[in-house]
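J.: To start, I am sharing the structure in question, which I have written as structure tokens.
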Amino acid sequence: MALHIYNSYTRNKELFEPVTPGHVGMYVCGPTVSGESHLGHARPYVTFDIVFRYLQFKNLKVRYVRNITDAGHFEEEGREAEDKVSKKAQLERLEPMELVQKYTNLFHWAMKEFNCIEPSIEPTATGHIVEQISMIEDIITKGYAYEVNGSVYFDVKKYAAHHDYGKLSGRILEDLIEAGNRESVSRDLEGQSEKRDSADFALWKAAPPEHIMRWKSPWGEGFPGWHIECSAMATKYLGAHFDIHGGGMDLLFPHHESEIAQSTICNHTAPVKYWMHNNMITINGRKMGKSYNNVIKLTEMFSGNHPLLTQAFHPMTVRFFILQSHYRSTLDFGNDALLASEKAFKRLWEAYEVLKKLSSEGNDIPSDKELDDKVNNWVNEFEIFMDDDFSTPKVIANMFELAPVINSLKDGIIPMKNISTNTLNRLKERFGVFLEDVFGLKNTDGNNNEVLKPVMDLLLDIRKEAKLKKDFVTSDKIRNQLTAMGIVIKDEKDGGTSWGVG
RNA sequence: GGUCCUGUGGCCGAGUGGCUAGGCAGAGCUCUGCAAAAGCUUCCACAGCGGUUCGAAUCCGCUCGGGACCUCCA
């Protein structure tokens, strides 16, 4: 089976063939640490964590680079050219780097909560000013950028004469120029007049006196432009041409389009073989974003401290919620949807716990060939579905098909002999690999508490004795009190009792 | 205004022209001292109108609705 990836650049599903056999270079646009991450931010990081994990499952060696944008991007010229990071810092009376540290820490905390594997390299923009400057110099030398008043701009028109500018984002240069010209009339004229053409974008920006974050450059003191950091760092760590570049769909233009232009000029080759873009998380049908004022921060998500939330949601619930839809579809947030995911995930995980305890020996021939085939088929499809552009929702659907079978095997509703030992073992192995290793899901309750376990064993033992004596007052008292404490107990068909927190 | 995406049952969501995705919620049943859990069964769909086709949620056209990008944005 071979992995196919939907390539945003060609708008087709393509067979994935690494540039260097056995190795994969993957770059994902990381967070701008000028504020707290919200639910929308969770999507790309969970999505590409799955990609990272799955590529490794496929026995590929992956170098996963995800940057931290800590230099702060200025806003569009025509408005105030202020550095977002330093602006906020002044408001909060913090050093810019103090702010950067705070939000970087918060971001890392959230990633850990989501059980996202750390990237191989997590470079910062401020740590690569030198690389960015030399890349800009290179572009100037090659004649595709020009300096004006200490700022450097990329010459889009010149680039577009011989390259496909706009292909990734489906844009036509003439439209951009027209739109730009129209804008410049109604907007500010100052910043615009510096550029030779409205479609040009900044590589380096001269810093006004009040700008705190500034670096020396051949063009005077300033700070890097919007897009150059990703190009510089991707090139440095992954080379001129690498496999996968990921990010949110909203980065297609201008960010990724510009990255392609810059890198192509510097490296004489298109930087990326497969462009991957995740879709947005919406809330009431609208993209979650600062400008819409409809964000739910991750801290609010995990604490339930938000008007739209009826309760706290565990990071694994959110992760599962994200995996239940395909990464290229919009995903509509709602409290009810999260509640549904919470229950669904719990049920699935409990089935998995049950599955781990099942065993059979020496049953070579299944008594129910049809069922045995079905199980094998569902299990085989895990990989087939993932190979088809990471269809996590389909894999989950199959897991839910398997859940009743697993539970029935345990309860004896389906005799163990109905499926072969091989089938059972394969089911156990694959279910675990996909649920834990590929999907990165993990247990959410506290059954592993070393202190609690013997206490629970004792209580359940007493309750069992009471039940045998038909002393239901005592047995119900234990059960009800435990329920009140948040511990749910379940009487199993085989006479045993299981329990769980939450 | 330009470019593109999208409209699936109470909610969230898969859907490659023909075979009920799945989850949550609802209803019934089985099991159970009672519950919970589990199992089984079941209700509720493909925005509208045309067209192509033996056959369309799936392809085409139109209408209506929603959204994204064109500005930092996951």
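Letters A, B, ... go to the chains of the structure tokens in the order shown; residues in each chain start at 1; ligands are counted from 1 in the same order.
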Considering only C-alpha atoms (C1' of nucleotides), return as a list in words whatever protein or nucleic-acid residues lie within 12 Å of C40 in chain B, sequence-local ones (same chain, fewer than 4 positions apart) excluded.

T.: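 That gives Pro404, Ser408 and Ile413 of chain A; G28, C29, U30 and C31 of chain B.
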
J.: Using only C-alpha atoms (C1' of nucleotides) and a cut-off of 6 Å, which residues of chain A sit close to chain B? Please list them as a list in words.

T.: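 So the contacting residues turn out to be Gly40, His41, Pro44, Glu75, Gly248, Ala337, Ala340, Ala397 and Lys490 of chain A.
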
J.: Please measure the separation of CA of Gly35 in chain A and CA of Glu229 in chain A, giving the value in Å to one decimal.

T.: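 Here the two named atoms are 19.0 Å from each other.
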
J.: For CA of Ala403 in chain A and CA of Glu370 in chain A, quote the distance in Å rounded to one decimal.

T.: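 A separation of 16.9 Å between them.
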
J.: Quick one: everything within 12 Å of C46 in chain B, counting only C-alpha atoms (C1' of nucleotides), minus sequence neighbours fewer than 2 positions away in the same chain. Send it as a ChimeraX atom specification.

T.: /B:7-9,15,56-58

J.: Taking only C-alpha atoms into account, name the residue in A:Trp226, A:Phe313, A:Phe52, A:Phe431 that is nearest to Glu381 in chain A.

T.: A:Phe431

J.: Go through range 231-284 of chain A and collect every residue that DSSP, computed from the backbone, puts in alpha helix (DSSP H); the answer should be as a list in words.

T.: Ser231, Ala232, Met233, Ala234, Thr235, Lys236, Tyr237, Leu238, Glu257, Ser258, Glu259, Ile260, Ala261, Gln262, Ser263, Thr264, Ile265, Cys266 and Asn267 of chain A

J.: Write the selection just made, keeping C-alpha atoms, as a JSON list (two decimals), in the first residue's frame?

T.:
[["chain", "number", "residue", "atom", "x", "y", "z"],
["A", 231, "SER", "CA", 12.21, 30.33, 3.71],
["A", 232, "ALA", "CA", 15.51, 30.86, 5.49],
["A", 233, "MET", "CA", 14.95, 28.28, 8.19],
["A", 234, "ALA", "CA", 13.42, 25.68, 5.90],
["A", 235, "THR", "CA", 16.36, 26.01, 3.54],
["A", 236, "LYS", "CA", 18.87, 25.82, 6.35],
["A", 237, "TYR", "CA", 17.48, 22.69, 7.95],
["A", 238, "LEU", "CA", 15.78, 20.88, 5.10],
["A", 257, "GLU", "CA", 3.12, 32.04, -2.24],
["A", 258, "SER", "CA", 5.88, 34.42, -1.20],
["A", 259, "GLU", "CA", 7.94, 31.64, 0.32],
["A", 260, "ILE", "CA", 7.92, 29.87, -3.01],
["A", 261, "ALA", "CA", 9.06, 33.02, -4.83],
["A", 262, "GLN", "CA", 11.89, 33.79, -2.41],
["A", 263, "SER", "CA", 13.24, 30.28, -2.21],
["A", 264, "THR", "CA", 12.95, 29.69, -5.92],
["A", 265, "ILE", "CA", 15.14, 32.70, -6.64],
["A", 266, "CYS", "CA", 17.73, 31.79, -4.02],
["A", 267, "ASN", "CA", 17.90, 28.08, -4.62]]

J.: For Ile68 in chain A, find every residue with an atom within 12 Å (counting only C-alpha atoms (C1' of nucleotides)), except residues of its own chain fewer than 3 positions away, and show them as a PyMOL selection string.

T.: chain A and resi 27-34+65+71-72+100-101+103-105+107-108+119+121-128+229-230+233

J.: From the set A:His163, A:Lys477, A:Leu309, A:Leu15, which residue has the shortest atom-to-atom contact distance to Thr269 in chain A, counting only C-alpha atoms?

T.: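 Between A:His163, A:Lys477, A:Leu309, A:Leu15, the residue approaching Thr269 in chain A most closely is A:His163.
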
J.: What parts of range 205-360 of chain A does DSSP call strand (DSSP E)? I'd like the answer as a VMD selection string.

T.: chain A and resid 205 to 206 222 to 224 242 to 248 272 to 278 281 to 283 286 to 287 331 to 333

J.: Got time to write the residues from that selection, N, CA and C atoms, as an mmCIF file, in the first residue's frame?

T.:
data_model
loop_
_atom_site.group_PDB
_atom_site.id
_atom_site.type_symbol
_atom_site.label_atom_id
_atom_site.label_comp_id
_atom_site.auth_asym_id
_atom_site.auth_seq_id
_atom_site.Cartn_x
_atom_site.Cartn_y
_atom_site.Cartn_z
ATOM 1 N N LYS A 205 12.387 45.401 6.667
ATOM 2 C CA LYS A 205 11.655 46.628 6.918
ATOM 3 C C LYS A 205 12.481 47.528 7.844
ATOM 4 N N ALA A 206 12.707 48.754 7.433
ATOM 5 C CA ALA A 206 13.414 49.707 8.291
ATOM 6 C C ALA A 206 12.596 49.942 9.553
ATOM 7 N N GLY A 222 16.637 47.446 11.354
ATOM 8 C CA GLY A 222 15.282 47.073 10.952
ATOM 9 C C GLY A 222 14.924 45.682 11.437
ATOM 10 N N PHE A 223 13.948 45.103 10.787
ATOM 11 C CA PHE A 223 13.515 43.755 11.170
ATOM 12 C C PHE A 223 13.050 43.009 9.926
ATOM 13 N N PRO A 224 13.077 41.679 9.983
ATOM 14 C CA PRO A 224 12.760 40.908 8.775
ATOM 15 C C PRO A 224 11.292 40.999 8.378
ATOM 16 N N PHE A 242 12.604 20.212 -0.432
ATOM 17 C CA PHE A 242 12.223 19.202 0.561
ATOM 18 C C PHE A 242 10.796 18.709 0.332
ATOM 19 N N ASP A 243 10.387 17.746 1.158
ATOM 20 C CA ASP A 243 9.169 16.998 0.840
ATOM 21 C C ASP A 243 7.854 17.710 1.145
ATOM 22 N N ILE A 244 7.645 18.012 2.421
ATOM 23 C CA ILE A 244 6.320 18.487 2.819
ATOM 24 C C ILE A 244 6.414 19.847 3.493
ATOM 25 N N HIS A 245 5.551 20.736 3.072
ATOM 26 C CA HIS A 245 5.390 22.002 3.784
ATOM 27 C C HIS A 245 3.929 22.109 4.189
ATOM 28 N N GLY A 246 3.693 22.298 5.467
ATOM 29 C CA GLY A 246 2.320 22.340 5.954
ATOM 30 C C GLY A 246 1.971 23.650 6.615
ATOM 31 N N GLY A 247 0.676 23.851 6.777
ATOM 32 C CA GLY A 247 0.174 25.035 7.457
ATOM 33 C C GLY A 247 -1.319 25.175 7.228
ATOM 34 N N GLY A 248 -1.903 26.180 7.799
ATOM 35 C CA GLY A 248 -3.335 26.421 7.622
ATOM 36 C C GLY A 248 -3.616 26.984 6.244
ATOM 37 N N VAL A 272 9.317 23.150 -2.365
ATOM 38 C CA VAL A 272 8.491 22.110 -1.744
ATOM 39 C C VAL A 272 7.893 21.168 -2.770
ATOM 40 N N LYS A 273 7.937 19.879 -2.449
ATOM 41 C CA LYS A 273 7.353 18.892 -3.352
ATOM 42 C C LYS A 273 5.855 18.717 -3.082
ATOM 43 N N TYR A 274 5.492 18.648 -1.814
ATOM 44 C CA TYR A 274 4.068 18.485 -1.461
ATOM 45 C C TYR A 274 3.638 19.580 -0.481
ATOM 46 N N TRP A 275 2.705 20.392 -0.912
ATOM 47 C CA TRP A 275 2.140 21.403 -0.020
ATOM 48 C C TRP A 275 0.882 20.840 0.614
ATOM 49 N N MET A 276 0.821 20.919 1.938
ATOM 50 C CA MET A 276 -0.378 20.414 2.635
ATOM 51 C C MET A 276 -1.005 21.545 3.453
ATOM 52 N N HIS A 277 -2.316 21.662 3.333
ATOM 53 C CA HIS A 277 -3.005 22.724 4.075
ATOM 54 C C HIS A 277 -4.230 22.191 4.804
ATOM 55 N N ASN A 278 -4.256 22.452 6.082
ATOM 56 C CA ASN A 278 -5.440 22.051 6.858
ATOM 57 C C ASN A 278 -6.485 23.151 6.783
ATOM 58 N N ILE A 281 -11.067 25.663 11.722
ATOM 59 C CA ILE A 281 -12.123 25.318 12.674
ATOM 60 C C ILE A 281 -13.060 26.513 12.714
ATOM 61 N N THR A 282 -14.334 26.238 12.557
ATOM 62 C CA THR A 282 -15.302 27.328 12.535
ATOM 63 C C THR A 282 -16.148 27.304 13.798
ATOM 64 N N ILE A 283 -16.744 28.434 14.064
ATOM 65 C CA ILE A 283 -17.643 28.528 15.208
ATOM 66 C C ILE A 283 -18.857 29.293 14.703
ATOM 67 N N ARG A 286 -18.332 30.293 11.167
ATOM 68 C CA ARG A 286 -17.350 31.317 10.842
ATOM 69 C C ARG A 286 -15.982 30.926 11.391
ATOM 70 N N LYS A 287 -14.967 31.211 10.626
ATOM 71 C CA LYS A 287 -13.593 30.919 11.026
ATOM 72 C C LYS A 287 -13.283 31.497 12.407
ATOM 73 N N LEU A 331 -14.176 22.289 10.213
ATOM 74 C CA LEU A 331 -14.706 21.551 11.360
ATOM 75 C C LEU A 331 -15.443 22.557 12.222
ATOM 76 N N ASP A 332 -16.729 22.275 12.425
ATOM 77 C CA ASP A 332 -17.543 23.239 13.139
ATOM 78 C C ASP A 332 -17.540 22.935 14.628
ATOM 79 N N PHE A 333 -17.065 23.888 15.382
ATOM 80 C CA PHE A 333 -17.029 23.718 16.821
ATOM 81 C C PHE A 333 -18.419 23.909 17.417
#

J.: Just want the 12 Å neighbourhood of Tyr54 in chain A, counted on only C-alpha atoms (C1' of nucleotides), with same-chain residues fewer than 6 positions away dropped. Output as number ranges by chain.

T.: A: 3, 24, 47-48, 60-62, 117, 382-383, 385-392, 433-440

J.: For a test of reading the model, state the distance in Å between CA of Asn7 in chain A and CA of Ser329 in chain A, rounded to one decimal.

T.: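 It comes out at 14.6 Å.
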